[in-house]
>>> print(open('my_file30.cif').read())   # mmCIF, C-alpha atoms
data_structure
loop_
_atom_site.label_atom_id
_atom_site.label_comp_id
_atom_site.auth_asym_id
_atom_site.auth_seq_id
_atom_site.Cartn_x
_atom_site.Cartn_y
_atom_site.Cartn_z
CA MET H 1 21.73 -4.25 -15.12
CA PRO H 2 19.26 -6.11 -12.88
CA VAL H 3 15.86 -4.44 -12.49
CA GLU H 4 14.38 -6.91 -10.00
CA LEU H 5 13.91 -5.51 -6.54
CA PRO H 6 16.33 -7.20 -4.14
CA GLU H 7 15.72 -7.68 -0.42
CA GLY H 8 16.06 -4.48 1.55
CA LYS H 9 18.84 -5.87 3.75
CA THR H 10 21.68 -3.40 4.04
CA VAL H 11 25.26 -3.62 5.17
CA ALA H 12 27.53 -0.80 6.36
CA VAL H 13 30.69 -0.55 4.29
CA GLU H 14 33.86 1.43 5.00
CA LEU H 15 34.67 4.02 2.33
CA ASP H 16 38.13 5.03 3.58
CA LEU H 17 37.39 8.74 3.29
CA ASP H 18 38.89 11.45 5.46
CA ASP H 19 37.71 15.04 5.89
CA ALA H 20 39.82 16.25 2.96
CA ASP H 21 38.25 13.61 0.70
CA LEU H 22 34.76 14.64 1.78
CA ALA H 23 35.57 18.30 1.15
CA GLU H 24 36.82 17.40 -2.34
CA ILE H 25 33.63 15.37 -3.03
CA ARG H 26 31.46 18.29 -1.93
CA ARG H 27 33.47 20.73 -4.05
CA ARG H 28 33.15 18.60 -7.16
CA ALA H 29 29.47 17.82 -6.52
CA ALA H 30 28.74 21.55 -6.35
CA GLY H 31 29.87 21.84 -9.96
CA ASP H 32 27.97 18.78 -11.19
CA GLU H 33 24.28 19.25 -11.93
CA LEU H 34 23.49 15.54 -11.86
CA ALA H 35 24.94 14.86 -8.40
CA PRO H 36 22.41 14.29 -5.57
CA ASP H 37 22.26 16.99 -2.88
CA ASP H 38 21.97 14.69 0.15
CA GLU H 39 25.42 13.55 1.32
CA ALA H 40 24.58 9.87 1.93
CA ALA H 41 22.78 9.70 -1.41
CA LEU H 42 25.76 11.40 -3.08
CA LEU H 43 28.27 8.89 -1.68
CA ARG H 44 25.99 6.00 -2.67
CA TYR H 45 25.58 7.53 -6.13
CA LEU H 46 29.35 7.77 -6.53
CA VAL H 47 29.77 4.09 -5.66
CA TYR H 48 27.10 3.15 -8.20
CA LEU H 49 28.52 5.58 -10.77
CA GLY H 50 32.01 4.13 -10.44
CA ALA H 51 30.67 0.59 -10.75
CA ALA H 52 28.73 1.58 -13.87
CA TYR H 53 31.87 3.13 -15.45
CA VAL H 54 33.89 -0.01 -14.78
CA GLU H 55 31.08 -2.16 -16.14
CA VAL H 56 30.63 -0.15 -19.35
CA GLU H 57 34.36 0.25 -19.96
CA ARG H 58 34.68 -3.53 -19.90
CA THR H 59 31.86 -3.72 -22.43
CA VAL H 60 33.75 -1.31 -24.70
CA GLU H 61 36.99 -3.28 -24.34
CA GLU H 62 35.26 -6.56 -25.18
CA ALA H 63 33.38 -5.13 -28.19
CA GLY H 64 36.34 -5.22 -30.61
CA SER H 65 35.30 -2.28 -32.80
CA LEU H 66 33.94 1.19 -32.39
CA GLN H 67 30.65 0.24 -34.08
CA ALA H 68 30.16 -2.84 -31.90
CA ALA H 69 31.09 -0.92 -28.76
CA HIS H 70 28.67 1.85 -29.62
CA ALA H 71 25.86 -0.62 -30.28
CA ALA H 72 26.55 -2.54 -27.05
CA VAL H 73 26.70 0.58 -24.87
CA TYR H 74 23.64 2.02 -26.58
CA ALA H 75 21.72 -1.19 -25.83
CA ARG H 76 22.80 -1.04 -22.18
CA TYR H 77 21.81 2.61 -21.98
CA GLY H 78 18.35 1.73 -23.32
CA GLN H 79 17.97 -1.16 -20.86
CA ALA H 80 18.96 1.05 -17.94
CA GLY H 81 16.51 3.74 -19.05
CA ALA H 82 13.67 1.26 -19.44
CA GLY H 83 14.49 -0.41 -16.11
CA SER H 84 14.59 2.97 -14.42
CA ALA H 85 11.18 3.91 -15.86
CA VAL H 86 9.63 0.61 -14.72
CA LEU H 87 11.09 0.90 -11.23
CA ARG H 88 10.07 4.55 -10.93
CA PHE H 89 6.51 3.65 -11.90
CA HIS H 90 6.28 0.83 -9.32
CA TYR H 91 7.90 2.92 -6.63
CA GLY H 92 5.49 5.75 -7.36
CA GLU H 93 2.53 3.38 -7.12
CA ALA H 94 3.81 1.84 -3.88
CA SER H 95 4.37 5.30 -2.36
CA ARG H 96 0.94 6.49 -3.45
CA LEU H 97 -0.73 3.38 -1.99
CA PHE H 98 1.29 3.76 1.23
CA ALA H 99 0.11 7.35 1.65
CA ALA H 100 -3.50 6.48 0.77
CA ARG H 101 -3.55 3.60 3.28
CA ARG H 102 -2.16 5.77 6.02
CA ARG H 103 -4.84 8.36 5.37
CA SER H 104 -7.74 5.90 5.26
CA GLN H 105 -6.40 3.86 8.18
CA ALA H 106 -7.26 6.75 10.51
CA ALA H 107 -10.85 6.69 9.23
CA HIS H 108 -11.03 2.89 9.62
CA GLU H 109 -9.73 3.13 13.19
CA ILE H 110 -12.46 5.65 14.06
CA THR H 111 -15.13 3.41 12.48
CA GLN H 112 -13.75 0.41 14.33
CA ALA H 113 -13.85 2.30 17.65
CA ILE H 114 -17.48 3.32 17.01
CA TYR H 115 -18.53 -0.27 16.23
CA ALA H 116 -16.61 -1.64 19.22
CA ASP H 117 -18.33 0.90 21.48
CA THR H 118 -21.74 0.00 20.01
CA ALA H 119 -21.04 -3.70 20.61
CA ARG H 120 -20.06 -2.99 24.23
CA ARG H 121 -23.22 -0.92 24.83
CA ILE H 122 -25.44 -3.61 23.30
CA GLU H 123 -23.87 -6.24 25.56
CA GLU H 124 -24.49 -4.03 28.60
CA GLU H 125 -28.11 -3.49 27.58
CA ILE H 126 -28.62 -7.22 27.00
CA ALA H 127 -27.27 -7.93 30.50
CA VAL H 128 -29.63 -5.38 32.11
CA ARG H 129 -32.66 -6.62 30.17
CA ALA H 130 -31.80 -10.29 30.85
CA GLU H 131 -31.77 -9.50 34.56
CA ARG H 132 -35.16 -7.75 34.23
CA VAL H 133 -36.54 -10.74 32.29
CA CYS H 134 -35.58 -12.95 35.27
CA ASN H 135 -37.29 -10.54 37.67
CA LEU H 136 -40.39 -10.32 35.44
CA LYS H 137 -40.57 -14.14 35.30
CA ALA H 138 -40.31 -14.31 39.09
CA ALA H 139 -43.07 -11.69 39.45
CA LEU H 140 -45.26 -13.61 37.02
CA ALA H 141 -44.69 -16.83 38.98
CA ASP H 142 -45.82 -15.03 42.13
CA ALA H 143 -48.76 -13.36 40.35
CA PRO H 144 -51.44 -16.10 40.83
CA ARG H 145 -50.80 -16.21 44.59
CA ALA H 146 -50.94 -12.39 44.72
CA ALA H 147 -54.26 -12.46 42.82
CA ARG H 148 -55.70 -15.14 45.15
CA SER H 149 -54.62 -13.27 48.25
CA MET I 1 33.33 7.04 6.97
CA ARG I 2 30.73 4.27 6.66
CA LEU I 3 27.89 3.98 4.19
CA GLU I 4 24.81 1.74 4.03
CA LEU I 5 24.55 -0.27 0.84
CA LEU I 6 22.24 -3.11 -0.12
CA GLU I 7 23.70 -6.55 0.38
CA ALA I 8 22.83 -7.10 -3.29
CA ASP I 9 24.92 -4.02 -4.23
CA VAL I 10 27.94 -5.34 -2.37
CA ALA I 11 27.52 -8.76 -4.00
CA GLU I 12 27.38 -7.13 -7.45
CA LEU I 13 30.51 -5.09 -6.72
CA GLN I 14 32.30 -8.23 -5.54
CA ALA I 15 31.28 -10.04 -8.72
CA MET I 16 32.92 -7.21 -10.68
CA GLY I 17 36.08 -7.46 -8.55
CA LEU I 18 35.47 -4.05 -6.96
CA THR I 19 35.35 -2.83 -3.39
CA PRO I 20 33.04 0.07 -2.45
CA PRO I 21 36.00 2.49 -1.94
CA GLN I 22 37.42 1.56 -5.37
CA ALA I 23 34.03 2.12 -7.04
CA LEU I 24 33.63 5.44 -5.23
CA ARG I 25 37.08 6.65 -6.36
CA ARG I 26 36.22 5.77 -9.96
CA GLY I 27 32.88 7.62 -9.72
CA LEU I 28 34.57 10.61 -8.09
CA GLY I 29 36.96 10.81 -11.03
CA ALA I 30 34.03 11.65 -13.32
CA LEU I 31 32.20 13.96 -10.92
CA GLY I 32 32.36 17.53 -12.17
CA ALA I 33 34.24 16.47 -15.31
CA ARG I 34 31.47 14.75 -17.27
CA PRO I 35 28.75 16.15 -19.49
CA THR I 36 25.61 17.03 -17.53
CA TYR I 37 23.31 18.12 -20.34
CA GLU I 38 19.99 16.32 -20.75
CA ARG I 39 20.17 14.63 -24.16
CA LEU I 40 22.82 12.96 -26.27
CA ARG I 41 24.32 15.49 -28.69
CA GLU I 42 26.60 13.33 -30.82
CA THR I 43 24.78 11.69 -33.73
CA ALA I 44 27.54 9.91 -35.70
CA VAL I 45 29.38 6.85 -34.38
CA THR I 46 32.69 8.37 -33.33
CA PRO I 47 35.03 7.94 -30.37
CA GLU I 48 33.51 11.17 -28.96
CA SER I 49 29.95 9.89 -29.29
CA LEU I 50 30.97 6.62 -27.61
CA GLN I 51 32.52 8.56 -24.75
CA GLU I 52 29.38 10.66 -24.42
CA LEU I 53 27.28 7.47 -24.39
CA VAL I 54 29.49 5.94 -21.70
CA HIS I 55 28.87 8.96 -19.45
CA PHE I 56 25.13 8.89 -20.13
CA TYR I 57 24.93 5.17 -19.43
CA ALA I 58 26.91 5.48 -16.18
CA ASP I 59 24.61 8.19 -14.86
CA GLN I 60 21.49 6.27 -15.92
CA ALA I 61 22.72 3.06 -14.29
CA ALA I 62 23.74 4.87 -11.08
CA ASP I 63 20.37 6.59 -10.96
CA LEU I 64 18.61 3.23 -11.38
CA ARG I 65 20.64 1.67 -8.55
CA LEU I 66 19.96 4.66 -6.32
CA LEU I 67 16.22 4.29 -6.96
CA ARG I 68 16.48 0.55 -6.35
CA PHE I 69 18.18 1.22 -2.99
CA THR I 70 15.43 3.65 -1.94
CA TYR I 71 12.63 1.32 -3.02
CA ALA I 72 14.15 -1.84 -1.51
CA THR I 73 14.88 -0.20 1.84
CA ARG I 74 11.40 1.34 2.08
CA MET I 75 9.63 -1.84 1.02
CA PRO I 76 9.48 -3.28 4.60
CA ALA I 77 7.74 -0.08 5.78
CA PHE I 78 5.30 -0.35 2.86
CA GLU I 79 4.61 -3.99 3.80
CA ARG I 80 4.13 -3.20 7.49
CA ALA I 81 1.69 -0.42 6.61
CA ARG I 82 -0.22 -2.78 4.29
CA ARG I 83 -0.53 -5.50 6.97
CA CYS I 84 -1.57 -2.97 9.61
CA TYR I 85 -4.16 -1.44 7.29
CA GLU I 86 -5.60 -4.82 6.33
CA GLY I 87 -5.77 -5.85 10.00
CA VAL I 88 -7.77 -2.76 10.93
CA GLU I 89 -9.97 -3.14 7.86
CA GLN I 90 -10.71 -6.83 8.64
CA LYS I 91 -11.49 -6.10 12.28
CA THR I 92 -13.86 -3.31 11.25
CA ALA I 93 -15.55 -5.55 8.67
CA GLU I 94 -15.91 -8.34 11.26
CA LEU I 95 -17.59 -5.95 13.71
CA ARG I 96 -19.85 -4.48 11.04
CA ARG I 97 -20.79 -7.71 9.29
CA ARG I 98 -21.01 -10.21 12.14
CA VAL I 99 -20.51 -9.02 15.71
CA VAL I 100 -22.91 -6.04 15.81
CA PRO I 101 -25.71 -7.71 13.77
CA GLU I 102 -25.57 -10.82 16.00
CA LEU I 103 -25.68 -8.73 19.17
CA LYS I 104 -28.60 -6.71 17.80
CA ALA I 105 -30.46 -9.96 17.03
CA ARG I 106 -29.90 -11.11 20.65
CA LEU I 107 -31.07 -7.72 21.92
CA ARG I 108 -34.25 -7.92 19.81
CA ALA I 109 -34.97 -11.41 21.21
CA VAL I 110 -34.47 -10.25 24.82
CA ARG I 111 -36.70 -7.22 24.24
CA GLU I 112 -39.44 -9.38 22.73
CA GLU I 113 -39.32 -11.72 25.72
CA GLU I 114 -39.37 -8.73 28.08
CA GLU I 115 -42.40 -7.21 26.29
CA ALA I 116 -44.26 -10.55 26.34
CA LEU I 117 -43.69 -10.86 30.10
CA GLU I 118 -44.81 -7.25 30.63
CA ARG I 119 -48.05 -7.98 28.72
CA ALA I 120 -48.65 -11.13 30.75
CA LEU I 121 -48.20 -9.23 34.03
CA ARG I 122 -50.56 -6.46 32.90
CA GLU I 123 -53.18 -9.07 32.02
CA ARG I 124 -53.00 -10.24 35.64
CA GLY I 125 -53.44 -6.72 36.94
CA LEU I 126 -49.85 -6.08 37.89
CA ASP I 127 -47.71 -3.07 36.93
CA PRO I 128 -44.44 -4.26 35.27
CA GLY I 129 -43.09 -0.69 35.47
CA ARG I 130 -42.21 -1.30 39.13
CA ILE I 131 -39.91 -4.19 38.22
CA GLY I 132 -36.31 -3.33 37.42
CA PRO I 133 -33.59 -2.91 36.52
CA ARG I 134 -34.54 -0.71 33.60
CA VAL I 135 -32.57 0.73 30.69
CA PRO I 136 -33.15 4.50 30.45
CA PRO I 137 -34.92 5.11 27.09
CA ALA I 138 -32.26 7.64 26.05
CA GLN I 139 -29.56 4.99 26.45
CA ALA I 140 -31.42 2.19 24.67
CA ILE I 141 -29.80 1.01 21.44
CA ASP I 142 -31.84 0.92 18.24
CA PRO I 143 -31.79 -2.86 17.57
CA ARG I 144 -32.96 -2.64 13.96
CA PRO I 145 -30.41 -3.88 11.42
CA MET I 146 -28.92 -1.02 9.42
CA PRO I 147 -28.46 -1.29 5.63
CA TRP I 148 -24.68 -1.14 5.95
CA GLU I 149 -24.50 -3.92 8.52
CA GLY I 150 -24.38 -7.63 7.73
CA ASP I 151 -23.12 -9.17 4.51
CA PRO I 152 -23.55 -6.94 1.47
CA GLU I 153 -25.94 -8.29 -1.15
CA PRO I 154 -24.12 -9.64 -4.18
CA LEU I 155 -24.19 -7.30 -7.13
CA THR I 156 -26.59 -8.60 -9.75
CA LEU I 157 -26.92 -7.27 -13.25
CA SER I 158 -29.75 -7.85 -15.65
CA PRO I 159 -28.80 -10.08 -18.60
CA PRO I 160 -27.64 -8.31 -21.75
CA PRO I 161 -30.31 -7.73 -24.42
CA VAL I 162 -30.59 -10.53 -26.96
CA ARG I 163 -29.45 -9.33 -30.37
CA SER I 164 -31.49 -10.48 -33.34
CA SER I 165 -29.73 -12.47 -36.02
CA LEU I 166 -28.58 -10.95 -39.33
CA ARG I 167 -31.42 -12.80 -41.13
CA GLU I 168 -34.00 -11.35 -38.74
CA ARG I 169 -32.58 -7.85 -39.11
CA VAL I 170 -32.61 -8.04 -42.94
CA LEU I 171 -36.16 -9.38 -42.91
CA ALA I 172 -37.27 -6.69 -40.49
CA ARG I 173 -35.79 -4.01 -42.74
CA LEU I 174 -37.36 -5.45 -45.90
CA LEU I 175 -40.77 -5.89 -44.32
CA GLY I 176 -40.65 -2.61 -42.45
CA TRP I 177 -41.00 -4.14 -39.00
CA GLY I 178 -40.26 -2.01 -36.00
CA ARG I 179 -40.92 1.30 -37.86
#
>>> encode(input="my_file30.cif", output="structure tokens")
Amino acid sequence: MPVELPEGKTVAVELDLDDADLAEIRRRAAGDELAPDDEAALLRYLVYLGAAYVEVERTVEEAGSLQAAHAAVYARYGQAGAGSAVLRFHYGEASRLFAARRRSQAAHEITQAIYADTARRIEEEIAVRAERVCNLKAALADAPRAARS
Amino acid sequence: MRLELLEADVAELQAMGLTPPQALRRGLGALGARPTYERLRETAVTPESLQELVHFYADQAADLRLLRFTYATRMPAFERARRCYEGVEQKTAELRRRVVPELKARLRAVREEEEALERALRERGLDPGRIGPRVPPAQAIDPRPMPWEGDPEPLTLSPPPVRSSLRERVLARLLGWGR
């Protein structure tokens, strides 16, 4: 039971189900408390569930005795539970961080816009004052002549 | 009817010699016919307890793979959001720490030069107020550096207090120092 997170690349697979099969799946799922409610999640769950049955039944066959089979399946059950807890924790953390970033990103964008606007206004003021500095220098250069005249 | 699965899921099924439809049919066989209570009930090692354990394991493993699918497929969105957030945060920090303080420093220098020229003109009996263009006072930016702009000062802590040695403490107690 691998717990590492694989790449998120998906592939569409054909399930060979007709409408009657889907109706039967829905009917059985209605009487099963552990089945997911969402249809895509339910179908995915059934694929995973079937794979897990095949996997564990092979473990039982290979064990040789009831005691050994019980111990092997119990160990797998523990590993799956621990793996599920670890993954659930990391997924919860990632989701929480995702939501927190989205919330604070809006605040950062507003701050960024305010600073960008301030920078633009400072540049405009510098340009106006630089032009006035040139005019003041020119006036000062003319000042002695004006005083003499 | 098509279903999205992780490439890793399909590879694992192939390694077990299963196709997705075969796995689904096997899972469907148990749906509605398996125990759905929360905890294992059988305590002794019997064929019944093994069967119960098989059902519990299958559900636990399927639940883990379902969670893995959700997490793996949402991970790219989590990563995109992280990169976007860090980009905005870096741009904001760059404006706050470098761009705005540098512009304010240039503005202060231009204002100082402007004021010096105004003084020089007044000394020669001329009115600098007639020389434009002028920035309306209400629109003028405060060029003073704000505490939150520029690089933050590194956090410094005072050194921890020096603890006296055991010998010093015993002596102090015997001699009544520090009372």
>>> resolve_selection(input="my_file30.cif", expression="the PyMOL selection byres ((chain I) within 6 of (chain H))", output="short mmCIF file (atom, residue, chain, number, x, y, z; two decimals) with C-alpha atoms, in the frame of the given file")
data_model
loop_
_atom_site.label_atom_id
_atom_site.label_comp_id
_atom_site.auth_asym_id
_atom_site.auth_seq_id
_atom_site.Cartn_x
_atom_site.Cartn_y
_atom_site.Cartn_z
CA MET I 1 33.33 7.04 6.97
CA ARG I 2 30.73 4.27 6.66
CA LEU I 3 27.89 3.98 4.19
CA GLU I 4 24.81 1.74 4.03
CA LEU I 5 24.55 -0.27 0.84
CA LEU I 6 22.24 -3.11 -0.12
CA GLU I 7 23.70 -6.55 0.38
CA PRO I 21 36.00 2.49 -1.94
CA ALA I 23 34.03 2.12 -7.04
CA LEU I 24 33.63 5.44 -5.23
CA ARG I 26 36.22 5.77 -9.96
CA GLY I 27 32.88 7.62 -9.72
CA GLY I 32 32.36 17.53 -12.17
CA LEU I 50 30.97 6.62 -27.61
CA TYR I 57 24.93 5.17 -19.43
CA ALA I 58 26.91 5.48 -16.18
CA ALA I 61 22.72 3.06 -14.29
CA ALA I 62 23.74 4.87 -11.08
CA LEU I 64 18.61 3.23 -11.38
CA ALA I 72 14.15 -1.84 -1.51
CA THR I 73 14.88 -0.20 1.84
CA PHE I 78 5.30 -0.35 2.86
CA TYR I 85 -4.16 -1.44 7.29
CA THR I 92 -13.86 -3.31 11.25
CA VAL I 100 -22.91 -6.04 15.81
CA LEU I 107 -31.07 -7.72 21.92
CA GLU I 114 -39.37 -8.73 28.08
CA GLY I 132 -36.31 -3.33 37.42
CA PRO I 133 -33.59 -2.91 36.52
#
>>> atom_distance(input="my_file30.cif", atom1="CA of Pro145 in chain I", atom2="CA of Ala105 in chain I")
8.3 Å
>>> atom_distance(input="my_file30.cif", atom1="CA of Asp142 in chain I", atom2="CA of Lys104 in chain I")
8.3 Å
>>> axis_aligned_box(input="my_file30.cif", around="range 164-175 of chain I", padding_each_side="6 Å", output="JSON")
{"center_x": -34.7, "center_y": -8.4, "center_z": -39.6, "size_x": 24.2, "size_y": 20.8, "size_z": 24.6}
>>> atom_distance(input="my_file30.cif", atom1="CA of Glu61 in chain H", atom2="CA of Leu18 in chain I")
17.5 Å
>>> closest_residue(input="my_file30.cif", among="I:Met146, I:Leu40, I:Leu117, I:Val162", to="Ala138 in chain H", atoms="all atoms listed in the file")
I:Leu117
>>> residues_around(input="my_file30.cif", residues="Phe56 in chain I", least_positions_apart="3", cutoff="9 Å", atoms="all atoms listed in the file", output="mmCIF file with C-alpha atoms, in the coordinates of the input")
data_model
loop_
_atom_site.group_PDB
_atom_site.id
_atom_site.type_symbol
_atom_site.label_atom_id
_atom_site.label_comp_id
_atom_site.auth_asym_id
_atom_site.auth_seq_id
_atom_site.Cartn_x
_atom_site.Cartn_y
_atom_site.Cartn_z
ATOM 1 C CA TYR H 77 21.810 2.610 -21.980
ATOM 2 C CA PRO I 35 28.750 16.150 -19.490
ATOM 3 C CA THR I 36 25.610 17.030 -17.530
ATOM 4 C CA ARG I 39 20.170 14.630 -24.160
ATOM 5 C CA LEU I 40 22.820 12.960 -26.270
ATOM 6 C CA GLN I 51 32.520 8.560 -24.750
ATOM 7 C CA GLU I 52 29.380 10.660 -24.420
ATOM 8 C CA LEU I 53 27.280 7.470 -24.390
ATOM 9 C CA ASP I 59 24.610 8.190 -14.860
ATOM 10 C CA GLN I 60 21.490 6.270 -15.920
ATOM 11 C CA ALA I 61 22.720 3.060 -14.290
#
